[in-house]
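Shown next: upload_25.pdb, given as PDB, C-alpha atoms, pLDDT in the B column.
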MODEL        1
ATOM      1  CA  ALA A   1      -7.382  12.948  13.244  1.00 39.00           C
ATOM      2  CA  GLU A   2      -4.728  12.992  15.954  1.00 42.00           C
ATOM      3  CA  GLY A   3      -5.120   9.263  16.548  1.00 44.00           C
ATOM      4  CA  ILE A   4      -4.896   8.587  12.821  1.00 44.00           C
ATOM      5  CA  GLU A   5      -1.657  10.581  12.568  1.00 44.00           C
ATOM      6  CA  GLN A   6      -0.206   8.604  15.471  1.00 45.00           C
ATOM      7  CA  THR A   7      -0.910   5.280  13.766  1.00 45.00           C
ATOM      8  CA  PHE A   8       0.815   6.542  10.614  1.00 46.00           C
ATOM      9  CA  SER A   9       4.062   6.783  12.575  1.00 46.00           C
ATOM     10  CA  ARG A  10       4.528   3.007  12.507  1.00 49.00           C
ATOM     11  CA  THR A  11       3.304   2.095   9.040  1.00 56.00           C
ATOM     12  CA  CYS A  12       4.081   2.557   5.358  1.00 60.00           C
ATOM     13  CA  CYS A  13       2.849   6.166   5.483  1.00 62.00           C
ATOM     14  CA  SER A  14       5.169   7.265   8.309  1.00 67.00           C
ATOM     15  CA  LEU A  15       7.354  10.352   8.398  1.00 75.00           C
ATOM     16  CA  SER A  16      10.357   8.069   7.925  1.00 80.00           C
ATOM     17  CA  ALA A  17       8.768   6.789   4.692  1.00 83.00           C
ATOM     18  CA  VAL A  18       8.455  10.379   3.481  1.00 86.00           C
ATOM     19  CA  GLU A  19      12.133  10.871   4.267  1.00 91.00           C
ATOM     20  CA  ASP A  20      12.989   7.642   2.419  1.00 92.00           C
ATOM     21  CA  ALA A  21      11.150   8.962  -0.651  1.00 91.00           C
ATOM     22  CA  ARG A  22      13.061  12.253  -0.437  1.00 94.00           C
ATOM     23  CA  ARG A  23      16.410  10.451  -0.255  1.00 94.00           C
ATOM     24  CA  VAL A  24      15.538   8.200  -3.196  1.00 94.00           C
ATOM     25  CA  ALA A  25      14.496  11.203  -5.273  1.00 94.00           C
ATOM     26  CA  SER A  26      17.735  12.979  -4.370  1.00 95.00           C
ATOM     27  CA  ARG A  27      19.794   9.923  -5.290  1.00 94.00           C
ATOM     28  CA  LEU A  28      18.038   9.614  -8.666  1.00 93.00           C
ATOM     29  CA  GLY A  29      18.210  13.342  -9.320  1.00 94.00           C
ATOM     30  CA  ILE A  30      14.468  13.940  -9.638  1.00 91.00           C
ATOM     31  CA  PRO A  31      12.281  16.578  -7.937  1.00 91.00           C
ATOM     32  CA  HIS A  32      10.530  15.625  -4.713  1.00 92.00           C
ATOM     33  CA  TYR A  33       7.116  17.008  -3.764  1.00 90.00           C
ATOM     34  CA  VAL A  34       5.019  16.327  -0.673  1.00 90.00           C
ATOM     35  CA  LEU A  35       1.257  16.547  -1.246  1.00 91.00           C
ATOM     36  CA  ASN A  36      -1.395  16.516   1.472  1.00 92.00           C
ATOM     37  CA  PHE A  37      -4.491  14.459   0.638  1.00 94.00           C
ATOM     38  CA  LYS A  38      -5.548  14.011   4.264  1.00 93.00           C
ATOM     39  CA  GLU A  39      -9.105  15.304   3.842  1.00 95.00           C
ATOM     40  CA  ILE A  40      -9.982  13.242   0.786  1.00 96.00           C
ATOM     41  CA  PHE A  41      -8.313  10.171   2.340  1.00 95.00           C
ATOM     42  CA  GLU A  42     -10.384  10.477   5.505  1.00 94.00           C
ATOM     43  CA  LYS A  43     -13.585  11.102   3.567  1.00 95.00           C
ATOM     44  CA  THR A  44     -13.260   8.407   0.888  1.00 96.00           C
ATOM     45  CA  VAL A  45     -11.222   5.736   2.670  1.00 95.00           C
ATOM     46  CA  ILE A  46     -11.358   5.939   6.464  1.00 94.00           C
ATOM     47  CA  ASP A  47     -15.006   7.006   6.830  1.00 94.00           C
ATOM     48  CA  ASN A  48     -16.041   4.266   4.377  1.00 94.00           C
ATOM     49  CA  PHE A  49     -13.916   1.710   6.263  1.00 93.00           C
ATOM     50  CA  ILE A  50     -15.780   2.428   9.493  1.00 91.00           C
ATOM     51  CA  GLU A  51     -19.216   2.556   7.863  1.00 91.00           C
ATOM     52  CA  GLU A  52     -18.733  -0.780   6.085  1.00 91.00           C
ATOM     53  CA  TYR A  53     -17.863  -2.510   9.377  1.00 88.00           C
ATOM     54  CA  ARG A  54     -20.931  -0.924  10.947  1.00 86.00           C
ATOM     55  CA  ARG A  55     -23.007  -2.543   8.184  1.00 86.00           C
ATOM     56  CA  GLY A  56     -21.493  -5.954   8.887  1.00 84.00           C
ATOM     57  CA  ARG A  57     -19.261  -5.934   5.817  1.00 87.00           C
ATOM     58  CA  THR A  58     -15.485  -6.234   5.489  1.00 86.00           C
ATOM     59  CA  PRO A  59     -13.992  -3.412   3.390  1.00 89.00           C
ATOM     60  CA  ASN A  60     -10.740  -3.284   1.425  1.00 90.00           C
ATOM     61  CA  PRO A  61      -9.453   0.270   1.986  1.00 93.00           C
ATOM     62  CA  CYS A  62      -6.591  -0.177  -0.499  1.00 91.00           C
ATOM     63  CA  ILE A  63      -9.112  -0.436  -3.341  1.00 93.00           C
ATOM     64  CA  ARG A  64     -10.773   2.796  -2.229  1.00 94.00           C
ATOM     65  CA  CYS A  65      -7.400   4.529  -1.869  1.00 94.00           C
ATOM     66  CA  ASN A  66      -6.390   3.528  -5.388  1.00 94.00           C
ATOM     67  CA  ARG A  67      -9.728   4.636  -6.800  1.00 95.00           C
ATOM     68  CA  PHE A  68     -10.147   8.001  -5.087  1.00 96.00           C
ATOM     69  CA  VAL A  69      -6.683   9.076  -3.971  1.00 95.00           C
ATOM     70  CA  LYS A  70      -3.894   7.608  -6.134  1.00 94.00           C
ATOM     71  CA  PHE A  71      -5.603   7.466  -9.518  1.00 95.00           C
ATOM     72  CA  ASP A  72      -7.989  10.372  -9.088  1.00 96.00           C
ATOM     73  CA  ALA A  73      -6.713  13.127  -6.793  1.00 96.00           C
ATOM     74  CA  LEU A  74      -3.010  12.343  -7.230  1.00 95.00           C
ATOM     75  CA  LEU A  75      -3.231  11.798 -10.985  1.00 96.00           C
ATOM     76  CA  THR A  76      -5.175  15.038 -11.395  1.00 96.00           C
ATOM     77  CA  LYS A  77      -2.542  16.900  -9.390  1.00 95.00           C
ATOM     78  CA  ALA A  78       0.268  15.300 -11.405  1.00 94.00           C
ATOM     79  CA  LYS A  79      -1.345  16.445 -14.656  1.00 94.00           C
ATOM     80  CA  SER A  80      -1.575  19.995 -13.261  1.00 95.00           C
ATOM     81  CA  TYR A  81       2.213  19.881 -12.802  1.00 92.00           C
ATOM     82  CA  GLY A  82       2.622  18.937 -16.454  1.00 94.00           C
ATOM     83  CA  ALA A  83       3.392  15.273 -15.776  1.00 94.00           C
ATOM     84  CA  GLU A  84       2.270  12.792 -18.430  1.00 94.00           C
ATOM     85  CA  TYR A  85       2.257   9.761 -16.134  1.00 95.00           C
ATOM     86  CA  VAL A  86       2.059   8.602 -12.559  1.00 95.00           C
ATOM     87  CA  ALA A  87       4.448   5.708 -11.949  1.00 94.00           C
ATOM     88  CA  THR A  88       3.650   3.398  -9.051  1.00 93.00           C
ATOM     89  CA  GLY A  89       5.261   0.437  -7.342  1.00 91.00           C
ATOM     90  CA  HIS A  90       2.313  -1.887  -7.851  1.00 93.00           C
ATOM     91  CA  TYR A  91       3.174  -5.418  -8.942  1.00 94.00           C
ATOM     92  CA  SER A  92       0.798  -5.307 -11.896  1.00 96.00           C
ATOM     93  CA  ARG A  93       1.144  -4.757 -15.638  1.00 97.00           C
ATOM     94  CA  ILE A  94      -0.580  -2.474 -18.114  1.00 96.00           C
ATOM     95  CA  ILE A  95      -0.720  -4.002 -21.596  1.00 94.00           C
ATOM     96  CA  HIS A  96      -1.477  -1.870 -24.667  1.00 89.00           C
ATOM     97  CA  ASP A  97      -3.730  -3.791 -27.028  1.00 83.00           C
ATOM     98  CA  GLU A  98      -6.819  -2.468 -28.793  1.00 86.00           C
ATOM     99  CA  ARG A  99      -7.598  -1.233 -25.295  1.00 92.00           C
ATOM    100  CA  ARG A 100      -5.341  -0.936 -22.285  1.00 95.00           C
ATOM    101  CA  LEU A 101      -5.541  -4.072 -20.174  1.00 95.00           C
ATOM    102  CA  LEU A 102      -4.670  -4.461 -16.515  1.00 96.00           C
ATOM    103  CA  LYS A 103      -2.795  -7.738 -15.990  1.00 96.00           C
ATOM    104  CA  ARG A 104      -1.390  -9.559 -13.023  1.00 95.00           C
ATOM    105  CA  GLY A 105       2.244  -8.989 -12.122  1.00 94.00           C
ATOM    106  CA  VAL A 106       4.911 -11.529 -13.049  1.00 94.00           C
ATOM    107  CA  ASP A 107       5.566 -12.114  -9.332  1.00 92.00           C
ATOM    108  CA  SER A 108       2.387 -13.991  -8.422  1.00 89.00           C
ATOM    109  CA  SER A 109       3.210 -13.781  -4.710  1.00 90.00           C
ATOM    110  CA  LYS A 110       3.123  -9.959  -4.901  1.00 91.00           C
ATOM    111  CA  ASP A 111       0.378  -9.424  -7.494  1.00 91.00           C
ATOM    112  CA  GLN A 112      -1.745  -6.356  -6.710  1.00 91.00           C
ATOM    113  CA  SER A 113      -3.964  -6.163  -9.790  1.00 93.00           C
ATOM    114  CA  TYR A 114      -7.031  -7.175  -7.742  1.00 92.00           C
ATOM    115  CA  ALA A 115      -6.817  -3.849  -5.886  1.00 93.00           C
ATOM    116  CA  LEU A 116      -6.738  -1.849  -9.129  1.00 96.00           C
ATOM    117  CA  TYR A 117      -9.858  -3.161 -10.884  1.00 94.00           C
ATOM    118  CA  SER A 118     -11.604   0.217 -10.791  1.00 94.00           C
ATOM    119  CA  MET A 119      -9.020   1.934 -13.011  1.00 95.00           C
ATOM    120  CA  THR A 120     -10.451   3.542 -16.135  1.00 95.00           C
ATOM    121  CA  GLN A 121      -8.960   3.573 -19.641  1.00 96.00           C
ATOM    122  CA  ASP A 122      -7.849   7.189 -19.160  1.00 95.00           C
ATOM    123  CA  GLN A 123      -6.171   6.340 -15.855  1.00 96.00           C
ATOM    124  CA  LEU A 124      -4.411   3.323 -17.349  1.00 96.00           C
ATOM    125  CA  ALA A 125      -3.222   5.524 -20.243  1.00 95.00           C
ATOM    126  CA  HIS A 126      -1.465   7.857 -17.796  1.00 96.00           C
ATOM    127  CA  THR A 127      -0.018   5.268 -15.422  1.00 97.00           C
ATOM    128  CA  LEU A 128       3.239   3.295 -15.438  1.00 96.00           C
ATOM    129  CA  MET A 129       3.843   0.161 -13.346  1.00 96.00           C
ATOM    130  CA  PRO A 130       7.486  -0.716 -13.985  1.00 95.00           C
ATOM    131  CA  LEU A 131       7.673  -3.366 -11.243  1.00 95.00           C
ATOM    132  CA  GLY A 132       5.020  -5.530 -12.875  1.00 95.00           C
ATOM    133  CA  THR A 133       7.595  -7.409 -14.941  1.00 95.00           C
ATOM    134  CA  LEU A 134       9.935  -8.006 -11.981  1.00 95.00           C
ATOM    135  CA  VAL A 135       9.928 -10.294  -8.993  1.00 94.00           C
ATOM    136  CA  LYS A 136      10.579  -8.762  -5.579  1.00 92.00           C
ATOM    137  CA  ASP A 137      14.175  -9.991  -5.346  1.00 93.00           C
ATOM    138  CA  GLU A 138      14.962  -8.383  -8.716  1.00 95.00           C
ATOM    139  CA  THR A 139      13.499  -5.106  -7.490  1.00 94.00           C
ATOM    140  CA  ARG A 140      15.710  -5.196  -4.393  1.00 95.00           C
ATOM    141  CA  ARG A 141      18.826  -6.018  -6.434  1.00 96.00           C
ATOM    142  CA  LEU A 142      18.099  -3.151  -8.823  1.00 95.00           C
ATOM    143  CA  ALA A 143      17.576  -0.752  -5.902  1.00 94.00           C
ATOM    144  CA  ALA A 144      20.878  -1.870  -4.355  1.00 96.00           C
ATOM    145  CA  LYS A 145      22.678  -1.413  -7.676  1.00 95.00           C
ATOM    146  CA  LEU A 146      21.336   2.149  -7.847  1.00 93.00           C
ATOM    147  CA  GLY A 147      22.568   2.788  -4.318  1.00 93.00           C
ATOM    148  CA  LEU A 148      19.127   3.280  -2.795  1.00 93.00           C
ATOM    149  CA  ALA A 149      19.013   2.958   0.998  1.00 89.00           C
ATOM    150  CA  VAL A 150      15.552   1.354   0.801  1.00 91.00           C
ATOM    151  CA  ALA A 151      16.866  -1.714  -1.052  1.00 92.00           C
ATOM    152  CA  SER A 152      16.681  -3.868   2.080  1.00 90.00           C
ATOM    153  CA  LYS A 153      13.852  -2.047   3.823  1.00 87.00           C
ATOM    154  CA  PRO A 154      11.377  -4.444   5.499  1.00 83.00           C
ATOM    155  CA  GLU A 155       7.979  -4.723   3.855  1.00 78.00           C
ATOM    156  CA  SER A 156       4.861  -3.237   5.413  1.00 70.00           C
ATOM    157  CA  GLN A 157       1.606  -5.079   4.781  1.00 66.00           C
ATOM    158  CA  GLU A 158      -0.415  -3.321   7.470  1.00 69.00           C
ATOM    159  CA  ILE A 159      -3.338  -1.120   6.563  1.00 79.00           C
ATOM    160  CA  CYS A 160      -1.647   2.243   6.878  1.00 83.00           C
ATOM    161  CA  PHE A 161      -4.119   3.804   9.312  1.00 85.00           C
ATOM    162  CA  VAL A 162      -4.753   0.754  11.556  1.00 84.00           C
ATOM    163  CA  GLU A 163      -1.955   0.037  13.973  1.00 77.00           C
ATOM    164  CA  ASN A 164      -1.022  -3.625  14.541  1.00 76.00           C
ATOM    165  CA  ARG A 165      -4.048  -4.778  12.484  1.00 76.00           C
ATOM    166  CA  ASP A 166      -6.219  -4.110  15.550  1.00 82.00           C
ATOM    167  CA  TYR A 167      -9.424  -3.217  13.699  1.00 82.00           C
ATOM    168  CA  PRO A 168     -11.735  -3.460  16.758  1.00 81.00           C
ATOM    169  CA  ALA A 169      -9.619  -0.963  18.715  1.00 86.00           C
ATOM    170  CA  PHE A 170      -9.561   1.430  15.760  1.00 89.00           C
ATOM    171  CA  ILE A 171     -13.321   1.254  15.262  1.00 87.00           C
ATOM    172  CA  LYS A 172     -14.010   1.679  18.989  1.00 85.00           C
ATOM    173  CA  ARG A 173     -11.786   4.754  19.068  1.00 88.00           C
ATOM    174  CA  HIS A 174     -13.252   6.451  15.997  1.00 87.00           C
ATOM    175  CA  ALA A 175     -16.842   5.165  16.146  1.00 86.00           C
ATOM    176  CA  PRO A 176     -17.647   4.351  19.796  1.00 86.00           C
ATOM    177  CA  ASP A 177     -21.376   4.204  18.972  1.00 83.00           C
ATOM    178  CA  SER A 178     -20.723   1.030  16.949  1.00 83.00           C
ATOM    179  CA  ALA A 179     -20.149  -0.995  20.129  1.00 86.00           C
ATOM    180  CA  VAL A 180     -23.745  -2.236  20.437  1.00 91.00           C
ATOM    181  CA  PRO A 181     -23.937  -5.714  22.066  1.00 94.00           C
ATOM    182  CA  GLY A 182     -26.101  -8.400  20.514  1.00 95.00           C
ATOM    183  CA  PRO A 183     -26.622 -12.154  20.199  1.00 96.00           C
ATOM    184  CA  ILE A 184     -24.267 -14.742  18.765  1.00 96.00           C
ATOM    185  CA  LEU A 185     -26.411 -17.413  17.112  1.00 96.00           C
ATOM    186  CA  ASP A 186     -25.633 -20.912  15.903  1.00 94.00           C
ATOM    187  CA  ALA A 187     -26.761 -22.188  12.489  1.00 92.00           C
ATOM    188  CA  ASP A 188     -30.136 -23.201  13.986  1.00 94.00           C
ATOM    189  CA  GLY A 189     -30.791 -19.735  15.374  1.00 94.00           C
ATOM    190  CA  ARG A 190     -30.078 -20.568  19.014  1.00 94.00           C
ATOM    191  CA  GLU A 191     -28.358 -17.869  21.048  1.00 96.00           C
ATOM    192  CA  ILE A 192     -25.089 -19.289  22.329  1.00 95.00           C
ATOM    193  CA  GLY A 193     -23.350 -16.107  23.391  1.00 94.00           C
ATOM    194  CA  ARG A 194     -23.124 -12.340  23.153  1.00 95.00           C
ATOM    195  CA  HIS A 195     -20.953 -10.061  21.055  1.00 94.00           C
ATOM    196  CA  GLU A 196     -19.734  -6.494  21.644  1.00 90.00           C
ATOM    197  CA  GLY A 197     -20.830  -5.131  18.264  1.00 91.00           C
ATOM    198  CA  ILE A 198     -21.104  -6.513  14.721  1.00 91.00           C
ATOM    199  CA  ALA A 199     -18.470  -4.016  13.545  1.00 89.00           C
ATOM    200  CA  PHE A 200     -15.830  -6.050  15.345  1.00 89.00           C
ATOM    201  CA  TYR A 201     -16.416  -9.265  13.392  1.00 91.00           C
ATOM    202  CA  THR A 202     -15.902 -10.460   9.837  1.00 89.00           C
ATOM    203  CA  ILE A 203     -17.117 -13.522   7.951  1.00 92.00           C
ATOM    204  CA  GLY A 204     -14.619 -16.360   8.225  1.00 93.00           C
ATOM    205  CA  GLN A 205     -13.295 -15.134  11.572  1.00 92.00           C
ATOM    206  CA  ARG A 206     -12.313 -17.760  14.104  1.00 91.00           C
ATOM    207  CA  LYS A 207     -10.358 -15.904  16.786  1.00 88.00           C
ATOM    208  CA  ARG A 208     -11.835 -13.589  19.421  1.00 85.00           C
ATOM    209  CA  ILE A 209     -15.351 -14.997  19.174  1.00 90.00           C
ATOM    210  CA  GLY A 210     -15.299 -15.573  22.923  1.00 86.00           C
ATOM    211  CA  ILE A 211     -17.277 -18.813  23.138  1.00 90.00           C
ATOM    212  CA  ALA A 212     -15.854 -22.035  24.545  1.00 87.00           C
ATOM    213  CA  ALA A 213     -16.826 -24.953  22.308  1.00 87.00           C
ATOM    214  CA  ARG A 214     -15.650 -28.487  21.617  1.00 88.00           C
ATOM    215  CA  GLU A 215     -15.052 -27.633  17.963  1.00 90.00           C
ATOM    216  CA  PRO A 216     -13.748 -24.436  16.339  1.00 92.00           C
ATOM    217  CA  LEU A 217     -16.393 -21.809  15.632  1.00 94.00           C
ATOM    218  CA  TYR A 218     -16.309 -19.546  12.588  1.00 96.00           C
ATOM    219  CA  VAL A 219     -18.386 -16.499  11.733  1.00 96.00           C
ATOM    220  CA  VAL A 220     -20.521 -17.535   8.745  1.00 96.00           C
ATOM    221  CA  ASP A 221     -22.894 -14.570   8.529  1.00 95.00           C
ATOM    222  CA  ILE A 222     -23.525 -11.114   9.976  1.00 94.00           C
ATOM    223  CA  ASP A 223     -27.116  -9.878  10.236  1.00 94.00           C
ATOM    224  CA  PRO A 224     -27.236  -6.090  10.776  1.00 91.00           C
ATOM    225  CA  ALA A 225     -31.068  -6.092  10.953  1.00 91.00           C
ATOM    226  CA  ARG A 226     -30.969  -8.332  14.036  1.00 93.00           C
ATOM    227  CA  ASN A 227     -27.575  -7.053  15.196  1.00 93.00           C
ATOM    228  CA  ALA A 228     -26.569 -10.722  15.237  1.00 95.00           C
ATOM    229  CA  ILE A 229     -23.458 -12.760  14.547  1.00 95.00           C
ATOM    230  CA  ILE A 230     -24.045 -16.279  13.170  1.00 96.00           C
ATOM    231  CA  VAL A 231     -21.375 -18.933  13.818  1.00 96.00           C
TER     232      VAL A 231
ENDMDL
END
Would you write out, as structure tokens, the structure that this file holds?
Amino acid sequence: AEGIEQTFSRTCCSLSAVEDARRVASRLGIPHYVLNFKEIFEKTVIDNFIEEYRRGRTPNPCIRCNRFVKFDALLTKAKSYGAEYVATGHYSRIIHDERRLLKRGVDSSKDQSYALYSMTQDQLAHTLMPLGTLVKDETRRLAAKLGLAVASKPESQEICFVENRDYPAFIKRHAPDSAVPGPILDADGREIGRHEGIAFYTIGQRKRIGIAAREPLYVVDIDPARNAIIV
């Protein structure tokens, strides 16, 4: 947990981000609460992240966070405070038709609807996504007009608990038993090298394979049963 907290210090979930939220709330004249979902986040997001890499799969922790933390634990807590909605900064839209539909955001370069597919009708009914009809530049201009200090804040696209996108280092630190060496095979099944552990590779990967070849090599399959990487 200590290592996880240290990585938070440089990402979107840092203490400075908490302070930014407090200042925005103060500027807008709305109450500011800090809620601790550390245990459920570790259990449903981080533990799953590590286990999926162990199984040779590449997880998307943002989807898990939305499903179990934002639109389950957080929404439940919000309702207990008497709130009717949770409003988020996702670039997606919720359309009210015969049923509530989740649509892509107007800003196609920022669309986040793909990470929200697990939302239920009840969750959609109690969620607002006001940025879905804006493009990023409009959002920044509106924030500046409202006098919000975050109007020009740089974006963070890192996974919040993995510093510098160094997934292998994170997995080694939190699951050292996953570093089990095995063969790197070509498409014909010939062993052409060795890997440090299947958890450190993902399909489509080109860098850090560690084999000198005349042509670029890409990971095309991961075989947990044989503890093998196929390139």
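Near Leu148 of chain A, within 12 Å and counting all atoms listed in the file, sit Asp20, Ala21, Arg22, Arg23, Val24, Ala25, Ser26, Arg27, Leu28, Thr139, Arg140, Arg141, Leu142, Ala143, Ala144, Lys145, Ala151, Ser152 and Lys153 of chain A, not including residues fewer than 3 positions from it in the same chain.
Applied to this file, the PyMOL selection byres ((chain A and resi 91) around 6) selects the residues A:His90, A:Ser92, A:Gly105, A:Asp111, A:Gln112, A:Leu131, A:Gly132.
Against this structure, the PyMOL selection byres ((chain A and resi 206) around 10) ends up with Tyr201, Thr202, Ile203, Gly204, Gln205, Lys207, Arg208, Ile209, Gly210, Pro216, Leu217, Tyr218, Val219, Val220 and Val231 of chain A.
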Same residues, C-alpha atoms, saved as a short mmCIF file (atom, residue, chain, number, x, y, z; two decimals), keeping the file's coordinate frame:
data_model
loop_
_atom_site.label_atom_id
_atom_site.label_comp_id
_atom_site.auth_asym_id
_atom_site.auth_seq_id
_atom_site.Cartn_x
_atom_site.Cartn_y
_atom_site.Cartn_z
CA TYR A 201 -16.42 -9.26 13.39
CA THR A 202 -15.90 -10.46 9.84
CA ILE A 203 -17.12 -13.52 7.95
CA GLY A 204 -14.62 -16.36 8.22
CA GLN A 205 -13.30 -15.13 11.57
CA LYS A 207 -10.36 -15.90 16.79
CA ARG A 208 -11.84 -13.59 19.42
CA ILE A 209 -15.35 -15.00 19.17
CA GLY A 210 -15.30 -15.57 22.92
CA PRO A 216 -13.75 -24.44 16.34
CA LEU A 217 -16.39 -21.81 15.63
CA TYR A 218 -16.31 -19.55 12.59
CA VAL A 219 -18.39 -16.50 11.73
CA VAL A 220 -20.52 -17.54 8.74
CA VAL A 231 -21.38 -18.93 13.82
#
Report the residues retrieved by the PyMOL selection byres ((chain A and resi 66-71) around 8) from the displayed file, expressed as an mmCIF file with C-alpha atoms, in the frame of the given file.
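out-v3.cif, written as the output of this step:
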data_model
loop_
_atom_site.group_PDB
_atom_site.id
_atom_site.type_symbol
_atom_site.label_atom_id
_atom_site.label_comp_id
_atom_site.auth_asym_id
_atom_site.auth_seq_id
_atom_site.Cartn_x
_atom_site.Cartn_y
_atom_site.Cartn_z
ATOM 1 C CA PHE A 37 -4.491 14.459 0.638
ATOM 2 C CA ILE A 40 -9.982 13.242 0.786
ATOM 3 C CA PHE A 41 -8.313 10.171 2.340
ATOM 4 C CA THR A 44 -13.260 8.407 0.888
ATOM 5 C CA CYS A 62 -6.591 -0.177 -0.499
ATOM 6 C CA ILE A 63 -9.112 -0.436 -3.341
ATOM 7 C CA ARG A 64 -10.773 2.796 -2.229
ATOM 8 C CA CYS A 65 -7.400 4.529 -1.869
ATOM 9 C CA ASP A 72 -7.989 10.372 -9.088
ATOM 10 C CA ALA A 73 -6.713 13.127 -6.793
ATOM 11 C CA LEU A 74 -3.010 12.343 -7.230
ATOM 12 C CA LEU A 75 -3.231 11.798 -10.985
ATOM 13 C CA THR A 76 -5.175 15.038 -11.395
ATOM 14 C CA ALA A 115 -6.817 -3.849 -5.886
ATOM 15 C CA LEU A 116 -6.738 -1.849 -9.129
ATOM 16 C CA SER A 118 -11.604 0.217 -10.791
ATOM 17 C CA MET A 119 -9.020 1.934 -13.011
ATOM 18 C CA GLN A 123 -6.171 6.340 -15.855
#
Extract, using all atoms listed in the file, all DNA, RNA and protein residues at most 7 Å from Lys103 of chain A, discarding same-chain residues fewer than 3 positions from it, and format them as an NGL selection string. :A and (92-94 or 113)
